[in-house]
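Shown next, in C-alpha cells, is the structure this report addresses.
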Amino acid sequence: MEKKEFQKRLGKQIVNLRREKGLSQVQFSYLIEMEKQNVNRLENGKTNPTAYTLLKITIALEIPLYKIFEF
C-alpha cells in the first residue's frame with residue numbers, strides 16, 4: 001500500500017471511530033489538543049500523524065491503538 005492510500009484509509013478510520021463516539025470535529029480537536037483545520041487534514045488523509053498524535057487519538061476515543069489500523 002502506498003503512503004497516500006494509507007493516509008486516506010487511516011483518516012477514514014479515524015472519522016468512523018470519532019463518529020461512533022458521537023464527537024464532532026470541534027470536540028475531537030479539543031480532546032486531542034489539535035486545531036480543527038489539522039484534524040480535518042488528518043481525517044482527509046492529507047497529513048501523516050505522529051505516533052504521539054495517534055496515542056492522543058486512542059486516549060480521546062478510549063480505544064486500543066490497534067483499532068485505528070483495522071481498515
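Identifiers for the C-alpha cells are assigned positionally: chains receive A, B, ... in sequence, residues are indexed from 1 per chain, and ligands are indexed from 1 in the order shown.
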
Q | Shell of 8 Å around range 59-71 of chain A, only C-alpha atoms, local chain residues under 3 positions omitted, as JSON, numbers by chain | A | {"A": [9, 10, 13, 14, 17, 18, 21, 28, 31, 32, 54, 55, 56]}

(Q) Between CA of Lys36 in chain A and CA of Glu2 in chain A, what is the distance in Å, rounded to a tenth? (A)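 About the pair CA of Lys36 in chain A and CA of Glu2 in chain A: they are 26.1 Å apart.
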
Q: Write out as a ChimeraX atom specification each polymer residue whose atoms come within 7 Å of Glu43 in chain A, counting only C-alpha atoms; drop sequence neighbours fewer than 3 positions from it.
A: /A:11-12,14-15,39-40

Write out the residues from the selection above, keeping N, CA and C atoms, as a compact mmCIF listing (two decimals), in the first residue's frame.
# COMPACT_ATOMS: atom_id res chain seq x y z
N GLY A 11 -7.27 8.07 7.81
CA GLY A 11 -8.16 9.20 8.06
C GLY A 11 -9.62 8.78 8.11
N LYS A 12 -10.01 7.94 7.18
CA LYS A 12 -11.40 7.46 7.14
C LYS A 12 -11.72 6.64 8.39
N ILE A 14 -10.33 7.00 11.34
CA ILE A 14 -10.43 7.93 12.47
C ILE A 14 -11.79 8.63 12.45
N VAL A 15 -12.26 9.02 11.28
CA VAL A 15 -13.59 9.63 11.16
C VAL A 15 -14.65 8.66 11.69
N VAL A 39 -7.17 18.61 12.25
CA VAL A 39 -7.99 17.40 12.35
C VAL A 39 -8.63 17.12 11.00
N ASN A 40 -9.12 18.15 10.36
CA ASN A 40 -9.73 17.99 9.04
C ASN A 40 -8.72 17.42 8.04

Q: Output as number ranges by chain all residues of chain A that backbone DSSP marks as helix (DSSP H, G or I).
A: A: 3-20, 25-31, 36-43, 51-61, 65-69
